[in-house]
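A.B. asks: Contents of input_26.txt (compact mmCIF, N, CA and C atoms) are given next:
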```
# COMPACT_ATOMS: atom_id res chain seq x y z
N MET A 285 4.86 72.75 4.49
CA MET A 285 5.17 73.19 3.14
C MET A 285 4.50 74.53 2.83
N THR A 286 3.28 74.68 3.27
CA THR A 286 2.54 75.92 3.01
C THR A 286 3.24 77.10 3.67
N GLN A 287 3.76 76.89 4.89
CA GLN A 287 4.46 77.97 5.58
C GLN A 287 5.70 78.38 4.81
N ARG A 288 6.41 77.42 4.23
CA ARG A 288 7.60 77.74 3.43
C ARG A 288 7.23 78.55 2.20
N THR A 289 6.06 78.30 1.66
CA THR A 289 5.59 79.03 0.48
C THR A 289 5.28 80.48 0.83
N LEU A 290 4.69 80.70 2.00
CA LEU A 290 4.27 82.05 2.39
C LEU A 290 5.37 82.86 3.07
N LYS A 291 6.39 82.21 3.61
CA LYS A 291 7.44 82.92 4.34
C LYS A 291 8.10 84.03 3.51
N PRO A 292 8.51 83.78 2.25
CA PRO A 292 9.12 84.87 1.47
C PRO A 292 8.17 86.05 1.24
N VAL A 293 6.89 85.76 1.07
CA VAL A 293 5.89 86.82 0.89
C VAL A 293 5.81 87.66 2.15
N ILE A 294 5.80 87.01 3.29
CA ILE A 294 5.72 87.71 4.57
C ILE A 294 6.98 88.54 4.80
N GLU A 295 8.15 87.99 4.50
CA GLU A 295 9.40 88.73 4.69
C GLU A 295 9.47 89.95 3.77
N TYR A 296 9.01 89.81 2.55
CA TYR A 296 9.00 90.93 1.61
C TYR A 296 8.07 92.04 2.10
N GLN A 297 6.86 91.65 2.51
CA GLN A 297 5.89 92.62 3.00
C GLN A 297 6.38 93.27 4.29
N CYS A 298 7.05 92.50 5.12
CA CYS A 298 7.63 93.03 6.36
C CYS A 298 8.61 94.15 6.04
N ALA A 299 9.49 93.92 5.08
CA ALA A 299 10.48 94.95 4.70
C ALA A 299 9.79 96.21 4.21
N LYS A 300 8.72 96.06 3.42
CA LYS A 300 7.98 97.23 2.95
C LYS A 300 7.35 97.99 4.11
N GLU A 301 6.78 97.26 5.05
CA GLU A 301 6.13 97.91 6.19
C GLU A 301 7.15 98.57 7.12
N LEU A 302 8.30 97.95 7.28
CA LEU A 302 9.34 98.56 8.11
C LEU A 302 9.75 99.91 7.54
N LYS A 303 10.00 99.94 6.25
CA LYS A 303 10.45 101.18 5.62
C LYS A 303 9.41 102.30 5.72
N ALA A 304 8.15 101.93 5.84
CA ALA A 304 7.08 102.92 5.96
C ALA A 304 6.79 103.30 7.42
N SER A 305 7.41 102.61 8.35
CA SER A 305 7.13 102.81 9.77
C SER A 305 7.94 103.97 10.36
N LYS A 306 7.24 104.86 11.05
CA LYS A 306 7.93 105.98 11.72
C LYS A 306 8.81 105.47 12.85
N PHE A 307 8.37 104.43 13.54
CA PHE A 307 9.16 103.84 14.61
C PHE A 307 10.48 103.31 14.06
N TRP A 308 10.41 102.61 12.93
CA TRP A 308 11.62 102.06 12.30
C TRP A 308 12.54 103.19 11.87
N THR A 309 11.99 104.19 11.24
CA THR A 309 12.79 105.32 10.77
C THR A 309 13.51 105.99 11.93
N ALA A 310 12.80 106.24 13.02
CA ALA A 310 13.41 106.88 14.18
C ALA A 310 14.45 105.98 14.85
N SER A 311 14.15 104.69 14.94
CA SER A 311 15.04 103.75 15.62
C SER A 311 16.34 103.52 14.86
N THR A 312 16.30 103.66 13.56
CA THR A 312 17.48 103.36 12.75
C THR A 312 18.10 104.60 12.12
N TYR A 313 17.68 105.77 12.56
CA TYR A 313 18.11 107.03 11.94
C TYR A 313 19.63 107.18 11.90
N PHE A 314 20.31 106.84 12.97
CA PHE A 314 21.75 107.03 13.04
C PHE A 314 22.56 105.80 12.62
N MET A 315 21.90 104.78 12.15
CA MET A 315 22.60 103.56 11.75
C MET A 315 23.17 103.69 10.34
N GLN A 316 24.29 103.01 10.12
CA GLN A 316 24.85 102.94 8.77
C GLN A 316 23.93 102.05 7.93
N ASP A 317 23.93 102.29 6.63
CA ASP A 317 23.05 101.53 5.73
C ASP A 317 23.26 100.03 5.84
N LYS A 318 24.51 99.61 5.95
CA LYS A 318 24.82 98.18 6.05
C LYS A 318 24.20 97.59 7.31
N ASN A 319 24.34 98.28 8.42
CA ASN A 319 23.77 97.80 9.69
C ASN A 319 22.25 97.82 9.65
N LYS A 320 21.69 98.83 9.03
CA LYS A 320 20.23 98.94 8.91
C LYS A 320 19.69 97.78 8.07
N ALA A 321 20.37 97.46 6.97
CA ALA A 321 19.94 96.36 6.10
C ALA A 321 20.04 95.02 6.84
N GLU A 322 21.09 94.86 7.61
CA GLU A 322 21.26 93.62 8.38
C GLU A 322 20.16 93.49 9.44
N LEU A 323 19.86 94.58 10.12
CA LEU A 323 18.81 94.57 11.13
C LEU A 323 17.45 94.28 10.48
N GLU A 324 17.20 94.89 9.34
CA GLU A 324 15.95 94.64 8.61
C GLU A 324 15.83 93.16 8.26
N GLN A 325 16.93 92.58 7.78
CA GLN A 325 16.94 91.16 7.44
C GLN A 325 16.63 90.30 8.67
N ASN A 326 17.26 90.62 9.79
CA ASN A 326 17.04 89.86 11.02
C ASN A 326 15.59 89.97 11.51
N VAL A 327 15.07 91.18 11.52
CA VAL A 327 13.70 91.40 12.00
C VAL A 327 12.70 90.68 11.09
N CYS A 328 12.85 90.84 9.79
CA CYS A 328 11.88 90.23 8.87
C CYS A 328 12.02 88.71 8.82
N SER A 329 13.21 88.20 9.04
CA SER A 329 13.39 86.76 9.13
C SER A 329 12.67 86.23 10.37
N CYS A 330 12.79 86.97 11.47
CA CYS A 330 12.08 86.62 12.71
C CYS A 330 10.57 86.64 12.47
N VAL A 331 10.10 87.67 11.81
CA VAL A 331 8.67 87.77 11.50
C VAL A 331 8.23 86.58 10.66
N GLY A 332 9.03 86.24 9.65
CA GLY A 332 8.70 85.10 8.79
C GLY A 332 8.64 83.79 9.55
N GLU A 333 9.50 83.64 10.55
CA GLU A 333 9.53 82.42 11.35
C GLU A 333 8.33 82.33 12.30
N HIS A 334 7.94 83.45 12.89
CA HIS A 334 6.92 83.43 13.94
C HIS A 334 5.51 83.79 13.47
N ALA A 335 5.39 84.40 12.34
CA ALA A 335 4.11 84.97 11.91
C ALA A 335 3.01 83.93 11.71
N LEU A 336 3.36 82.76 11.28
CA LEU A 336 2.33 81.78 10.91
C LEU A 336 2.13 80.67 11.94
N LYS A 337 2.73 80.81 13.10
CA LYS A 337 2.68 79.72 14.08
C LYS A 337 1.28 79.37 14.55
N ASP A 338 0.44 80.33 14.78
CA ASP A 338 -0.89 80.06 15.33
C ASP A 338 -2.00 80.12 14.27
N ILE A 339 -1.62 80.02 13.02
CA ILE A 339 -2.59 80.07 11.93
C ILE A 339 -3.00 78.63 11.58
N PRO A 340 -4.30 78.34 11.55
CA PRO A 340 -4.76 76.99 11.21
C PRO A 340 -4.30 76.56 9.81
N ALA A 341 -4.04 75.27 9.66
CA ALA A 341 -3.57 74.73 8.39
C ALA A 341 -4.56 75.00 7.26
N SER A 342 -5.84 74.96 7.56
CA SER A 342 -6.85 75.21 6.52
C SER A 342 -6.74 76.63 5.98
N THR A 343 -6.46 77.59 6.85
CA THR A 343 -6.30 78.98 6.42
C THR A 343 -5.04 79.13 5.59
N LEU A 344 -3.97 78.46 6.00
CA LEU A 344 -2.72 78.50 5.22
C LEU A 344 -2.93 77.94 3.82
N LEU A 345 -3.67 76.85 3.73
CA LEU A 345 -3.94 76.25 2.43
C LEU A 345 -4.76 77.18 1.55
N LYS A 346 -5.77 77.82 2.13
CA LYS A 346 -6.57 78.78 1.37
C LYS A 346 -5.70 79.93 0.87
N ALA A 347 -4.73 80.34 1.68
CA ALA A 347 -3.86 81.46 1.31
C ALA A 347 -2.98 81.12 0.11
N THR A 348 -2.65 79.86 -0.07
CA THR A 348 -1.84 79.49 -1.23
C THR A 348 -2.66 79.49 -2.51
N LEU A 349 -3.98 79.43 -2.37
CA LEU A 349 -4.85 79.35 -3.55
C LEU A 349 -5.57 80.65 -3.87
N ASP A 350 -5.71 81.53 -2.90
CA ASP A 350 -6.51 82.74 -3.06
C ASP A 350 -5.67 83.97 -2.68
N GLU A 351 -5.44 84.85 -3.65
CA GLU A 351 -4.59 86.03 -3.42
C GLU A 351 -5.16 86.96 -2.35
N GLU A 352 -6.47 87.10 -2.29
CA GLU A 352 -7.08 87.97 -1.29
C GLU A 352 -6.86 87.42 0.12
N VAL A 353 -7.04 86.11 0.27
CA VAL A 353 -6.80 85.47 1.57
C VAL A 353 -5.32 85.60 1.94
N LYS A 354 -4.45 85.42 0.95
CA LYS A 354 -3.01 85.53 1.21
C LYS A 354 -2.65 86.94 1.67
N SER A 355 -3.22 87.94 1.05
CA SER A 355 -2.95 89.32 1.42
C SER A 355 -3.40 89.61 2.85
N LYS A 356 -4.62 89.20 3.19
CA LYS A 356 -5.14 89.43 4.54
C LYS A 356 -4.33 88.66 5.58
N LEU A 357 -4.00 87.43 5.27
CA LEU A 357 -3.22 86.61 6.19
C LEU A 357 -1.84 87.20 6.41
N THR A 358 -1.22 87.67 5.35
CA THR A 358 0.10 88.28 5.45
C THR A 358 0.07 89.51 6.34
N GLN A 359 -0.91 90.37 6.14
CA GLN A 359 -1.03 91.57 6.97
C GLN A 359 -1.25 91.22 8.43
N GLN A 360 -2.12 90.26 8.69
CA GLN A 360 -2.42 89.85 10.06
C GLN A 360 -1.18 89.23 10.71
N ALA A 361 -0.50 88.37 9.99
CA ALA A 361 0.66 87.69 10.53
C ALA A 361 1.78 88.67 10.86
N ILE A 362 2.00 89.63 9.99
CA ILE A 362 3.05 90.63 10.22
C ILE A 362 2.69 91.49 11.43
N ALA A 363 1.46 91.93 11.49
CA ALA A 363 1.03 92.76 12.62
C ALA A 363 1.19 92.02 13.94
N ASN A 364 0.93 90.73 13.95
CA ASN A 364 1.01 89.95 15.18
C ASN A 364 2.43 89.71 15.66
N SER A 365 3.40 89.71 14.78
CA SER A 365 4.76 89.34 15.19
C SER A 365 5.80 90.44 15.02
N LEU A 366 5.49 91.49 14.29
CA LEU A 366 6.49 92.53 14.00
C LEU A 366 6.98 93.23 15.27
N LYS A 367 6.08 93.62 16.13
CA LYS A 367 6.47 94.35 17.34
C LYS A 367 7.42 93.52 18.20
N GLY A 368 7.09 92.26 18.41
CA GLY A 368 7.95 91.39 19.22
C GLY A 368 9.32 91.21 18.60
N CYS A 369 9.38 91.05 17.30
CA CYS A 369 10.67 90.86 16.62
C CYS A 369 11.49 92.15 16.64
N MET A 370 10.85 93.29 16.44
CA MET A 370 11.58 94.56 16.48
C MET A 370 12.15 94.79 17.88
N THR A 371 11.35 94.52 18.89
CA THR A 371 11.80 94.70 20.27
C THR A 371 12.99 93.80 20.56
N GLU A 372 12.93 92.57 20.06
CA GLU A 372 14.02 91.61 20.29
C GLU A 372 15.34 92.10 19.71
N PHE A 373 15.31 92.68 18.52
CA PHE A 373 16.55 93.07 17.85
C PHE A 373 16.97 94.50 18.12
N LEU A 374 16.11 95.33 18.67
CA LEU A 374 16.47 96.72 18.94
C LEU A 374 16.84 96.95 20.41
N LYS A 375 17.11 95.90 21.14
CA LYS A 375 17.52 96.03 22.54
C LYS A 375 18.88 96.65 22.64
```
Any chance you could give the structure as structure tokens?
C.D. replies:
Amino acid sequence: MTQRTLKPVIEYQCAKELKASKFWTASTYFMQDKNKAELEQNVCSCVGEHALKDIPASTLLKATLDEEVKSKLTQQAIANSLKGCMTEFLK
């Protein structure tokens, strides 16, 4: 249940980080907006699915109660899974 609560937060933050990424900008430069949005959705959905897999339940619970813990956990989770998900969809 905790993972379901944090998944939308992670997906939202993922989209923000993608848009700020030079790698993302270069990789999607020639894509149509519709295709870019679809790819962003796929990548961030992948990140949301995989980001919290190795996070202990106690940390997940703390993240639902403490905004600072949630912010740190979100950043860590995105960093750990973003590269793999981008590579998967940009083949």
A.B. asks: Atom CA of A:Thr312 and atom CA of A:Ala299 are how many Å apart?
C.D. replies: 13.6 Å
A.B. asks: Would you please give, as a PyMOL selection string, all residues of chain A that DSSP assigns to helix (DSSP H, G or I) based on the backbone?
C.D. replies: chain A and resi 286-304+306-311+317-334+341-349+351-373
A.B. asks: Could you work out how far atom CA of A:Leu366 lies from atom CA of A:Val331, giving the answer in Å with one decimal?
C.D. replies: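 For atom CA of A:Val331 relative to atom CA of A:Leu366, the distance reads 5.8 Å.
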A.B. asks: For A:Phe373, which residue out of A:Leu344, A:Gln360, A:Cys298, A:Asn326 is the nearest one, using only N, CA and C atoms?
C.D. replies: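 The answer is A:Asn326, which sits nearest to A:Phe373.
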A.B. asks: Quick one: distance from atom N of A:Asp350 to atom CA of A:Cys330 in Å, one decimal?
C.D. replies: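 Atom CA of A:Cys330 lies at a distance of 24.2 Å from atom N of A:Asp350.
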A.B. asks: With all atoms listed in the file as the atoms that count, which of A:Leu345, A:Val353, A:Leu374, A:Ile339 lies nearest to A:Ser311?
C.D. replies: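 Of all the options, A:Leu374 lies closest to A:Ser311.
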